[in-house]
$ cat structure-v5.cif   # mmCIF, C-alpha atoms and all ligand atoms
data_input
loop_
_atom_site.label_atom_id
_atom_site.label_comp_id
_atom_site.auth_asym_id
_atom_site.auth_seq_id
_atom_site.Cartn_x
_atom_site.Cartn_y
_atom_site.Cartn_z
CA MET A 1 130.90 82.65 87.14
CA HIS A 2 131.92 79.00 87.40
CA ARG A 3 130.85 78.96 91.00
CA LEU A 4 127.25 79.82 90.17
CA ARG A 5 127.01 77.24 87.44
CA PHE A 6 128.53 74.64 89.71
CA ALA A 7 126.01 75.52 92.41
CA VAL A 8 123.11 74.99 90.02
CA ALA A 9 124.46 71.61 88.93
CA ILE A 10 124.73 70.46 92.54
CA LEU A 11 121.36 71.80 93.57
CA VAL A 12 119.43 70.13 90.79
CA SER A 13 121.12 66.78 91.39
CA PRO A 14 118.51 65.40 93.85
CA THR A 15 115.91 65.55 91.06
CA CYS A 16 118.36 63.87 88.67
CA LEU A 17 118.72 60.99 91.08
CA VAL A 18 114.97 60.50 91.25
CA SER A 19 114.21 60.76 87.56
CA GLN A 20 117.38 59.29 86.08
CA THR A 21 118.48 56.09 87.76
CA PRO A 22 121.45 54.48 86.00
CA SER A 23 119.37 51.63 84.59
CA ALA A 24 116.46 53.69 83.25
CA PRO A 25 117.11 56.15 80.41
CA ALA A 26 116.03 59.75 81.01
CA PRO A 27 112.38 60.27 80.02
CA ARG A 28 112.00 61.90 76.61
CA ILE A 29 109.37 64.45 75.69
CA LEU A 30 108.58 65.90 72.25
CA ILE A 31 106.94 69.33 72.31
CA LYS A 32 105.08 70.28 69.14
CA ALA A 33 105.32 74.08 69.00
CA GLY A 34 102.88 75.84 66.67
CA ARG A 35 104.99 78.99 66.90
CA LEU A 36 108.40 79.17 68.60
CA ILE A 37 110.06 82.29 70.01
CA ASP A 38 113.41 80.91 71.18
CA GLY A 39 114.65 83.98 73.10
CA ARG A 40 117.57 84.69 70.75
CA ALA A 41 116.33 84.75 67.12
CA ASP A 42 114.67 87.95 65.89
CA GLN A 43 111.78 86.06 64.25
CA ALA A 44 109.30 83.48 65.47
CA GLN A 45 109.36 80.12 63.66
CA ALA A 46 106.31 78.03 62.77
CA ASN A 47 105.78 74.27 63.28
CA MET A 48 108.82 73.51 65.36
CA GLY A 49 109.76 70.52 67.50
CA ILE A 50 111.62 70.49 70.83
CA LEU A 51 113.04 67.18 72.03
CA ILE A 52 113.68 67.02 75.76
CA GLU A 53 115.68 64.34 77.55
CA GLY A 54 115.47 64.41 81.34
CA GLN A 55 115.89 67.99 82.50
CA ARG A 56 117.51 69.37 79.36
CA ILE A 57 116.72 70.15 75.74
CA ARG A 58 118.34 67.72 73.31
CA ALA A 59 117.25 69.09 69.93
CA VAL A 60 115.25 71.96 68.40
CA GLY A 61 114.22 72.21 64.75
CA PRO A 62 111.47 71.82 62.15
CA LEU A 63 108.86 69.46 63.58
CA ALA A 64 109.23 66.70 60.95
CA GLN A 65 112.99 66.57 61.48
CA ILE A 66 112.75 66.44 65.29
CA GLN A 67 109.88 63.94 65.18
CA ALA A 68 112.11 61.58 63.16
CA GLN A 69 114.62 61.38 66.04
CA ALA A 70 112.07 61.41 68.87
CA GLY A 71 111.53 57.63 68.97
CA GLY A 72 109.00 56.75 71.67
CA ALA A 73 109.07 60.19 73.30
CA ARG A 74 105.92 61.36 75.06
CA VAL A 75 104.25 64.03 72.94
CA LEU A 76 103.06 67.37 74.34
CA ASP A 77 100.93 69.02 71.70
CA LEU A 78 101.33 72.82 71.85
CA SER A 79 100.71 73.15 68.12
CA GLN A 80 97.96 75.73 68.73
CA MET A 81 100.19 77.84 70.97
CA THR A 82 103.22 80.11 71.01
CA VAL A 83 106.12 78.51 72.88
CA LEU A 84 108.78 80.63 74.61
CA PRO A 85 111.65 80.23 77.08
CA GLY A 86 110.64 80.41 80.74
CA LEU A 87 110.32 84.05 81.83
CA ILE A 88 112.91 85.60 84.17
CA ASP A 89 112.34 88.45 86.64
CA THR A 90 115.65 89.90 87.86
CA HIS A 91 114.22 92.07 90.65
CA THR A 92 111.89 90.47 93.19
CA HIS A 93 111.29 90.24 96.94
CA LEU A 94 109.71 86.88 97.75
CA LEU A 95 109.63 87.78 101.46
CA LEU A 96 107.65 91.01 100.97
CA GLN A 97 103.90 91.48 100.38
CA GLY A 98 103.63 95.05 99.14
CA ASP A 99 105.52 98.21 100.09
CA SER A 100 103.41 101.15 98.93
CA THR A 101 104.10 103.12 102.16
CA SER A 102 105.56 102.50 105.62
CA ASP A 103 102.02 101.56 106.72
CA ALA A 104 102.33 98.50 104.49
CA TYR A 105 106.04 97.82 105.09
CA ASP A 106 106.63 98.27 108.83
CA PRO A 107 103.94 95.85 110.11
CA GLN A 108 105.47 93.01 108.08
CA LEU A 109 108.76 93.42 109.94
CA LEU A 110 107.18 94.22 113.31
CA TYR A 111 104.26 91.79 113.57
CA GLN A 112 105.10 88.86 111.29
CA SER A 113 107.60 86.20 112.26
CA ILE A 114 110.20 85.17 109.72
CA PRO A 115 108.70 81.64 109.56
CA TYR A 116 105.31 83.15 108.68
CA ARG A 117 106.91 85.37 106.04
CA ALA A 118 108.74 82.34 104.61
CA ILE A 119 105.42 80.50 104.24
CA LEU A 120 104.08 83.44 102.23
CA ALA A 121 107.32 83.45 100.21
CA ALA A 122 106.75 79.81 99.26
CA ARG A 123 103.23 80.78 98.16
CA ASN A 124 104.72 83.62 96.08
CA ALA A 125 107.25 81.29 94.48
CA ARG A 126 104.43 78.99 93.35
CA LEU A 127 102.38 81.91 91.99
CA SER A 128 105.39 83.22 90.10
CA LEU A 129 106.10 79.82 88.53
CA GLU A 130 102.45 79.45 87.52
CA HIS A 131 102.68 82.86 85.84
CA GLY A 132 105.52 81.51 83.69
CA PHE A 133 108.57 82.72 85.64
CA THR A 134 111.07 79.88 85.85
CA ALA A 135 113.90 81.97 87.34
CA LEU A 136 114.05 84.93 89.73
CA ARG A 137 116.84 87.08 91.05
CA ASP A 138 115.48 87.85 94.50
CA VAL A 139 117.19 91.05 95.63
CA GLU A 140 116.87 90.90 99.40
CA THR A 141 114.55 89.69 102.13
CA GLU A 142 113.63 93.03 103.78
CA GLY A 143 114.39 91.99 107.33
CA ALA A 144 113.76 88.27 106.90
CA MET A 145 117.48 87.45 107.21
CA TYR A 146 118.49 84.47 105.06
CA ALA A 147 115.01 82.99 104.56
CA ASP A 148 115.30 83.41 100.76
CA VAL A 149 118.05 80.78 100.80
CA ASP A 150 115.69 78.42 102.67
CA VAL A 151 112.93 78.96 100.10
CA LYS A 152 115.46 78.32 97.33
CA ARG A 153 116.61 75.14 99.06
CA ALA A 154 113.03 73.86 99.43
CA VAL A 155 112.35 74.57 95.74
CA ASN A 156 115.58 72.90 94.60
CA ARG A 157 114.80 69.84 96.69
CA GLY A 158 111.33 69.59 95.15
CA GLU A 159 109.53 70.23 98.48
CA VAL A 160 107.59 73.19 97.07
CA PRO A 161 107.07 74.36 93.49
CA GLY A 162 108.88 77.52 92.45
CA PRO A 163 111.27 79.18 90.01
CA ARG A 164 115.06 78.82 90.15
CA ILE A 165 116.02 81.39 92.78
CA PHE A 166 119.17 83.53 92.85
CA ALA A 167 119.23 84.89 96.38
CA SER A 168 120.74 88.10 97.75
CA THR A 169 119.91 87.54 101.44
CA ARG A 170 119.90 90.75 103.56
CA ALA A 171 121.17 93.62 101.33
CA MET A 172 123.21 96.45 102.84
CA ALA A 173 122.88 100.11 103.84
CA PRO A 174 124.86 102.20 106.34
CA THR A 175 123.53 102.70 109.87
CA GLY A 176 120.45 104.93 109.97
CA MET A 177 119.83 104.98 106.22
CA TYR A 178 117.15 102.33 105.77
CA PRO A 179 113.85 101.59 107.54
CA ILE A 180 112.60 100.85 110.08
CA LEU A 181 113.71 104.12 111.68
CA SER A 182 112.05 105.61 114.76
CA PRO A 183 112.67 108.73 116.85
CA ASN A 184 112.20 106.52 119.91
CA TRP A 185 115.81 105.57 120.67
CA GLU A 186 114.71 103.24 123.46
CA LEU A 187 113.45 100.71 120.91
CA GLU A 188 115.69 98.30 119.03
CA LEU A 189 113.66 97.91 115.83
CA PRO A 190 114.19 95.33 113.08
CA HIS A 191 116.15 96.54 110.05
CA GLY A 192 115.16 95.98 106.44
CA VAL A 193 118.85 95.44 105.62
CA GLN A 194 122.10 94.49 107.30
CA PRO A 195 123.53 97.80 108.60
CA VAL A 196 127.07 98.05 107.23
CA ASP A 197 129.71 100.67 108.07
CA GLY A 198 133.32 101.11 107.07
CA VAL A 199 135.53 99.31 104.59
CA ASP A 200 136.24 96.38 106.92
CA GLY A 201 132.55 96.17 107.82
CA ALA A 202 131.66 96.04 104.13
CA ARG A 203 134.03 93.15 103.43
CA LEU A 204 132.83 91.29 106.53
CA ALA A 205 129.17 91.70 105.55
CA VAL A 206 129.81 90.35 102.05
CA ARG A 207 131.59 87.34 103.54
CA GLN A 208 128.77 86.75 106.02
CA GLN A 209 126.08 86.93 103.36
CA VAL A 210 127.97 84.70 100.94
CA SER A 211 128.65 82.18 103.70
CA HIS A 212 124.89 82.03 104.32
CA GLY A 213 124.13 81.36 100.67
CA ALA A 214 123.98 84.71 98.84
CA ASP A 215 124.34 84.28 95.07
CA TRP A 216 124.21 88.05 94.62
CA ILE A 217 125.02 91.03 96.82
CA LYS A 218 122.55 93.93 96.86
CA TYR A 219 123.20 97.31 98.40
CA TYR A 220 121.31 100.59 98.61
CA ALA A 221 123.34 103.29 96.87
CA ASP A 222 121.01 106.20 97.66
CA ARG A 223 117.97 107.70 99.39
CA ARG A 224 116.16 111.09 99.72
CA TYR A 225 115.31 111.77 96.09
CA TYR A 226 114.59 115.28 94.77
CA PHE A 227 114.26 117.19 91.50
CA THR A 228 116.44 120.23 90.86
CA ALA A 229 115.38 123.28 88.84
CA ASP A 230 117.14 121.90 85.73
CA SER A 231 114.94 118.75 85.98
CA THR A 232 117.61 116.39 87.22
CA LEU A 233 116.47 113.67 89.62
CA ARG A 234 119.08 113.74 92.36
CA SER A 235 119.64 111.88 95.63
CA TRP A 236 121.71 111.53 98.78
CA VAL A 237 124.40 108.89 98.46
CA ASN A 238 124.53 106.26 101.23
CA PHE A 239 128.00 104.72 101.26
CA THR A 240 131.34 106.49 100.86
CA ASP A 241 133.12 105.52 97.65
CA ASP A 242 135.62 103.48 99.67
CA GLU A 243 132.83 101.51 101.33
CA ALA A 244 130.93 100.85 98.08
CA LYS A 245 134.14 99.81 96.30
CA ALA A 246 134.93 97.41 99.15
CA ILE A 247 131.48 95.80 98.80
CA VAL A 248 131.90 95.36 95.06
CA ASP A 249 135.52 94.20 95.21
CA GLU A 250 134.88 91.62 97.93
CA THR A 251 131.79 90.34 96.10
CA HIS A 252 133.68 89.92 92.83
CA ARG A 253 136.58 88.28 94.66
CA LEU A 254 134.10 85.68 95.92
CA GLY A 255 132.77 85.01 92.42
CA ARG A 256 129.43 86.82 92.84
CA ARG A 257 127.87 89.90 91.24
CA VAL A 258 126.47 93.13 92.71
CA ALA A 259 123.12 94.85 92.27
CA ALA A 260 122.77 98.45 93.46
CA HIS A 261 119.50 100.18 94.28
CA ALA A 262 120.02 103.64 92.75
CA ILE A 263 117.18 106.03 91.93
CA GLY A 264 118.75 109.51 91.70
CA ALA A 265 121.57 110.53 89.36
CA ASP A 266 123.97 110.86 92.34
CA GLY A 267 123.26 107.29 93.46
CA ILE A 268 123.59 105.87 89.97
CA ALA A 269 126.90 107.70 89.47
CA ALA A 270 128.22 106.42 92.80
CA ALA A 271 127.21 102.82 92.00
CA LEU A 272 128.89 103.04 88.59
CA ARG A 273 132.07 104.40 90.21
CA ALA A 274 132.03 101.40 92.52
CA GLY A 275 131.76 98.97 89.59
CA VAL A 276 128.38 97.29 90.16
CA ASN A 277 126.87 94.85 87.65
CA SER A 278 123.32 96.20 87.61
CA ILE A 279 121.50 99.42 88.44
CA GLU A 280 118.11 98.78 90.06
CA HIS A 281 115.28 101.27 89.33
CA GLY A 282 117.61 103.92 87.85
CA ASP A 283 114.77 106.42 87.48
CA GLY A 284 117.18 109.37 87.37
CA MET A 285 119.28 107.97 84.50
CA THR A 286 120.90 110.81 82.52
CA ASP A 287 122.54 110.75 79.09
CA SER A 288 126.05 110.97 80.54
CA LEU A 289 125.28 108.11 82.95
CA MET A 290 124.00 106.06 79.98
CA THR A 291 127.39 106.50 78.34
CA VAL A 292 129.07 105.02 81.42
CA MET A 293 126.47 102.19 81.58
CA ILE A 294 127.33 101.21 77.99
CA ARG A 295 131.10 101.57 78.47
CA GLN A 296 131.08 99.40 81.61
CA ASN A 297 128.44 96.98 80.23
CA VAL A 298 126.16 97.51 83.24
CA ALA A 299 122.55 96.34 83.06
CA TRP A 300 119.63 98.65 83.83
CA VAL A 301 116.74 96.93 85.63
CA PRO A 302 114.02 99.62 85.54
CA THR A 303 111.21 97.99 87.63
CA VAL A 304 108.44 99.96 85.92
CA THR A 305 105.56 97.96 87.40
CA VAL A 306 106.37 98.97 90.96
CA ILE A 307 106.62 102.70 90.33
CA HIS A 308 103.16 102.67 88.76
CA TYR A 309 101.94 100.83 91.86
CA VAL A 310 103.54 103.08 94.50
CA GLY A 311 103.25 106.37 92.56
CA GLY A 312 99.70 107.00 93.75
CA PRO A 313 99.87 106.03 97.44
CA ARG A 314 103.30 107.61 98.05
CA GLY A 315 102.46 110.84 96.24
CA GLY A 316 105.03 113.64 96.31
CA ILE A 317 108.03 113.06 94.09
CA TRP A 318 107.02 109.51 93.18
CA LYS A 319 104.36 110.53 90.65
CA PRO A 320 106.52 112.82 88.45
CA MET A 321 109.22 110.15 88.59
CA ILE A 322 107.06 107.91 86.37
CA ALA A 323 107.12 110.26 83.36
CA TYR A 324 110.76 111.14 84.05
CA GLN A 325 111.80 107.49 83.97
CA ARG A 326 109.73 106.79 80.87
CA ALA A 327 111.59 109.51 78.93
CA ALA A 328 114.96 108.19 80.18
CA PHE A 329 113.96 104.64 79.18
CA GLN A 330 113.20 105.78 75.63
CA ARG A 331 116.55 107.54 75.30
CA ALA A 332 118.39 104.54 76.78
CA LEU A 333 116.69 102.23 74.33
CA LYS A 334 117.87 104.35 71.39
CA ARG A 335 121.37 104.53 72.85
CA GLY A 336 121.58 100.75 73.29
CA VAL A 337 121.75 100.54 77.10
CA ARG A 338 121.27 96.91 78.16
CA ILE A 339 117.79 96.94 79.73
CA VAL A 340 116.97 93.74 81.65
CA LEU A 341 113.50 92.93 82.92
CA GLY A 342 112.81 93.30 86.62
CA THR A 343 109.55 94.20 88.34
CA ASP A 344 110.13 94.67 92.10
CA ALA A 345 107.40 92.08 92.79
CA GLY A 346 106.90 92.12 96.54
CA GLY A 347 107.05 95.92 96.34
CA PHE A 348 103.56 95.28 94.97
CA PRO A 349 101.52 92.32 96.29
CA TRP A 350 102.26 89.05 94.48
CA THR A 351 98.58 88.15 94.72
CA GLU A 352 97.34 91.32 92.98
CA ILE A 353 99.62 91.96 89.99
CA ASN A 354 101.10 89.44 87.56
CA GLN A 355 104.81 90.21 87.12
CA ALA A 356 104.43 89.79 83.33
CA LYS A 357 102.77 93.23 83.34
CA GLU A 358 106.36 94.56 83.06
CA PHE A 359 106.59 93.30 79.44
CA GLU A 360 103.51 95.40 78.60
CA TYR A 361 105.10 98.56 80.05
CA TYR A 362 108.32 98.00 78.07
CA VAL A 363 106.33 97.81 74.83
CA GLN A 364 104.36 100.93 75.83
CA TYR A 365 107.71 102.62 76.50
CA GLY A 366 109.02 101.84 73.00
CA MET A 367 110.48 98.33 72.91
CA SER A 368 109.32 95.96 70.20
CA PRO A 369 107.54 92.92 71.67
CA MET A 370 110.57 90.79 70.68
CA GLN A 371 112.94 93.18 72.48
CA ALA A 372 110.78 93.00 75.59
CA ILE A 373 110.73 89.20 75.46
CA LYS A 374 114.52 89.04 75.13
CA SER A 375 114.96 91.42 78.08
CA GLY A 376 112.96 88.97 80.23
CA THR A 377 114.59 85.78 78.88
CA SER A 378 118.04 85.66 77.22
CA LEU A 379 119.31 89.05 78.48
CA ALA A 380 118.15 88.26 82.01
CA ALA A 381 119.96 84.90 81.88
CA GLU A 382 123.14 86.69 80.78
CA LEU A 383 122.92 89.08 83.73
CA LEU A 384 122.69 86.00 85.97
CA GLY A 385 125.66 84.38 84.18
CA GLN A 386 123.32 81.51 83.32
CA GLN A 387 123.02 81.77 79.54
CA ASP A 388 124.34 78.22 79.14
CA ASN A 389 121.65 76.92 81.49
CA PHE A 390 118.47 78.82 80.61
CA GLY A 391 117.03 81.96 79.00
CA SER A 392 116.57 80.52 75.52
CA ILE A 393 115.32 77.35 73.85
CA ALA A 394 118.39 75.59 72.48
CA PRO A 395 120.09 72.19 72.76
CA GLY A 396 121.92 71.65 76.06
CA LEU A 397 119.90 74.13 78.10
CA PHE A 398 117.41 73.24 80.81
CA ALA A 399 113.92 72.64 79.44
CA ASP A 400 112.45 75.80 81.01
CA ILE A 401 109.58 76.41 78.62
CA VAL A 402 106.24 78.27 78.68
CA ALA A 403 103.39 78.63 76.20
CA VAL A 404 100.61 81.15 75.57
CA ALA A 405 97.47 80.76 73.46
CA GLY A 406 97.92 83.78 71.17
CA ASP A 407 100.81 85.64 69.56
CA PRO A 408 102.71 87.85 72.02
CA LEU A 409 104.37 89.62 69.08
CA GLN A 410 100.89 90.97 68.22
CA ASP A 411 99.64 91.36 71.81
CA ILE A 412 102.29 91.44 74.53
CA THR A 413 99.61 91.03 77.24
CA GLU A 414 99.42 87.36 76.17
CA LEU A 415 102.38 86.88 78.53
CA GLN A 416 100.03 87.69 81.41
CA ARG A 417 97.96 84.62 80.45
CA VAL A 418 100.49 81.79 80.40
CA LYS A 419 98.83 78.41 79.75
CA PHE A 420 101.74 75.99 80.15
CA VAL A 421 104.85 75.99 82.36
CA MET A 422 107.71 73.48 82.32
CA LYS A 423 110.85 73.81 84.44
CA GLY A 424 113.73 71.40 83.99
CA GLY A 425 111.59 69.02 81.93
CA THR A 426 108.81 68.82 84.55
CA VAL A 427 105.37 70.28 83.77
CA TYR A 428 104.19 72.46 86.67
CA PHE A 429 101.16 74.11 85.09
CA SER A 430 98.95 73.29 82.14
CA GLN A 431 95.59 74.83 81.26
ZN ZN A 501 113.30 96.10 95.20
#

$ encode --input "structure-v5.cif" --output "structure tokens" --more "lines below"
Ligand SMILES: [Zn+2]
Amino acid sequence: MHRLRFAVAILVSPTCLVSQTPSAPAPRILIKAGRLIDGRADQAQANMGILIEGQRIRAVGPLAQIQAQAGGARVLDLSQMTVLPGLIDTHTHLLLQGDSTSDAYDPQLLYQSIPYRAILAARNARLSLEHGFTALRDVETEGAMYADVDVKRAVNRGEVPGPRIFASTRAMAPTGMYPILSPNWELELPHGVQPVDGVDGARLAVRQQVSHGADWIKYYADRRYYFTADSTLRSWVNFTDDEAKAIVDETHRLGRRVAAHAIGADGIAAALRAGVNSIEHGDGMTDSLMTVMIRQNVAWVPTVTVIHYVGGPRGGIWKPMIAYQRAAFQRALKRGVRIVLGTDAGGFPWTEINQAKEFEYYVQYGMSPMQAIKSGTSLAAELLGQQDNFGSIAPGLFADIVAVAGDPLQDITELQRVKFVMKGGTVYFSQ
């Protein structure tokens, strides 16, 4: 994952040049944290100090000790708050504004230009940052080509405020297996993905997407979900095993990781056979698939918020899927499957639901508040291969830090009311 880390270092350098000229020392900030949840420890700690130099954290410890080495650092007093690492959502669509049914999805691809959609994406990036999310894995643009890479570039250059973005560009599905589909063969309609066929086509598509800036590759492992009489959630598999393995192999060869949309047991099994790094949604997770998830160290990104949002409008199978997934989640938690927070923001409108709702669902589904926080901070950073850059509050990491007024270990909904957001040592939001 050297390539990713290297990319981050390069992309943040323009800010370094502005804030850290050779003659002037990097600005120092001392944060007084009333209560600190650092993203790794199992307990919160009271009265802590965080010393920041430039974009990174220099020291963390008991306040008196850190204060003694802070010199003339500017003081940010969060002594009445709980301080946490910046939140991370590993499943978003910045270029999408809700996808409850095709009535919501199709018009965005048919009647909105990609520049217009990119403007909304920049708005979404700001909203997300203000809600405390300092990093996103954005898992495809839904027909907006490589515009996620442009939004990322604008954020990294400081043109617009937003989280650190890990972009997947167009995603992949075979011909005819992803909307927009129409019986009118005279129309050439826009596709929500890059149509990809054959082993050579798969390798070419990965190379094209990486050459246009993809940090991750996303593909759709399945479609057409159904329950069988024995209560298994099954699906039709999209790619042949040879095609899926070619996608994964080429992606890994180019130093990137793969996320697979897989809802039914058949799709999850196919994605695991191909060797993906994360299963997205995974509603049909079975006990035997959990065993493979653990053995292959694959992350499960359950996107609970979106299924509650689409369950009503879509009707049919989508409603019973909610309870089915909840039961699977509880078994996976007991088994020790690595569950990493992802919401599918964009599948629901960014302006209507705060992504941090996902933490609340995880606690309802049986995680402790601390487990939920780790799944949306340190575990998410590990999935991104970025644990040495962010995801916890520790010396050497970027100063990606948020604060809430109350105690999220008592009331996890506190994370939906973030009062302070810092990314890379810069304060973006303070209430
Ligand atoms: Zn999604």

$ closest_residue --input "structure-v5.cif" --among "A:Gln325, A:Gln43, A:Ser375, A:Thr141" --to "ligand ZN 501 (chain A)" --atoms "only C-alpha atoms and all ligand atoms"
A:Thr141

$ residues_around --input "structure-v5.cif" --residues "Ile353 (chain A)" --least-positions-apart "6" --cutoff "10 Å" --atoms "only C-alpha atoms" --output "mmCIF file with C-alpha atoms, in the frame of the given file"
data_model
loop_
_atom_site.group_PDB
_atom_site.id
_atom_site.type_symbol
_atom_site.label_atom_id
_atom_site.label_comp_id
_atom_site.auth_asym_id
_atom_site.auth_seq_id
_atom_site.Cartn_x
_atom_site.Cartn_y
_atom_site.Cartn_z
ATOM 1 C CA THR A 305 105.560 97.960 87.400
ATOM 2 C CA VAL A 306 106.370 98.970 90.960
ATOM 3 C CA TYR A 309 101.940 100.830 91.860
ATOM 4 C CA ALA A 345 107.400 92.080 92.790
ATOM 5 C CA GLY A 346 106.900 92.120 96.540
ATOM 6 C CA GLN A 416 100.030 87.690 81.410
#

$ closest_residue --input "structure-v5.cif" --among "A:Trp185, A:Tyr226, A:Trp216, A:Phe348" --to "ligand ZN 501 (chain A)" --atoms "all atoms listed in the file"
A:Phe348

$ atom_distance --input "structure-v5.cif" --atom1 "CA of Phe429 (chain A)" --atom2 "CA of Thr169 (chain A)"
28.3 Å

$ closest_residue --input "structure-v5.cif" --among "A:Gly342, A:Gly86, A:Gly176, A:Gly366" --to "ligand ZN 501 (chain A)" --atoms "only C-alpha atoms and all ligand atoms"
A:Gly342

$ closest_residue --input "structure-v5.cif" --among "A:Leu333, A:Ile88, A:Ala118, A:Ala24" --to "Glu382 (chain A)" --atoms "all atoms listed in the file"
A:Ile88

$ residues_near_ligand --input "structure-v5.cif" --ligand "ligand ZN 501 (chain A)" --cutoff "8 Å" --atoms "all atoms listed in the file" --output "number ranges by chain"
A: 91-93, 139-140, 261, 280, 344-347

$ residues_around --input "structure-v5.cif" --residues "Met370 (chain A)" --least-positions-apart "6" --cutoff "9 Å" --atoms "only C-alpha atoms" --output "list in words"
Ile37, Gly39, Asp42, Gln43, Pro408 and Leu409 of chain A

$ residues_around --input "structure-v5.cif" --residues "Arg273 (chain A)" --least-positions-apart "5" --cutoff "9 Å" --atoms "only C-alpha atoms" --output "JSON, numbers by chain"
{"A": [241, 244, 245, 268]}

$ closest_residue --input "structure-v5.cif" --among "A:Tyr362, A:Tyr146, A:Phe390, A:Tyr220" --to "Ala271 (chain A)" --atoms "all atoms listed in the file"
A:Tyr220

$ residues_around --input "structure-v5.cif" --residues "Asn47 (chain A)" --least-positions-apart "6" --cutoff "9 Å" --atoms "all atoms listed in the file" --output "list in words"
Lys32, Ala33, Gly34, Arg35, Leu36, Gly61, Pro62, Leu63, Ala64 and Ser79 of chain A

$ atom_distance --input "structure-v5.cif" --atom1 "CA of Asp287 (chain A)" --atom2 "CA of Ala265 (chain A)"
10.3 Å

$ closest_residue --input "structure-v5.cif" --among "A:Tyr219, A:Asp148, A:Met285, A:Asn354" --to "Ala259 (chain A)" --atoms "only C-alpha atoms"
A:Tyr219

$ atom_distance --input "structure-v5.cif" --atom1 "CA of Leu110 (chain A)" --atom2 "CA of Leu189 (chain A)"
7.9 Å

$ closest_atom_pairs --input "structure-v5.cif" --of "region 21-114 of chain A" --to "region 393-407 of chain A" --cutoff "7 Å" --atoms "all atoms listed in the file" --output "CSV"
residue,atom,partner,partner_atom,distance
A:Asp38,CA,A:Ile393,CA,4.8
A:Gly39,CA,A:Ile393,CA,6.7
A:Ile52,CA,A:Ala399,CA,6.7
A:Gln55,CA,A:Phe398,CA,5.7
A:Arg56,CA,A:Phe398,CA,4.1
A:Ile57,CA,A:Pro395,CA,4.9
A:Arg58,CA,A:Pro395,CA,4.8
A:Ala59,CA,A:Pro395,CA,5.1
A:Val60,CA,A:Ala394,CA,6.3
A:Gln80,CA,A:Ala405,CA,6.9
A:Met81,CA,A:Ala405,CA,4.7
A:Thr82,CA,A:Val404,CA,5.4
A:Val83,CA,A:Ala403,CA,4.3
A:Leu84,CA,A:Val402,CA,5.3
A:Pro85,CA,A:Ile401,CA,4.6
A:Gly86,CA,A:Ile401,CA,4.6
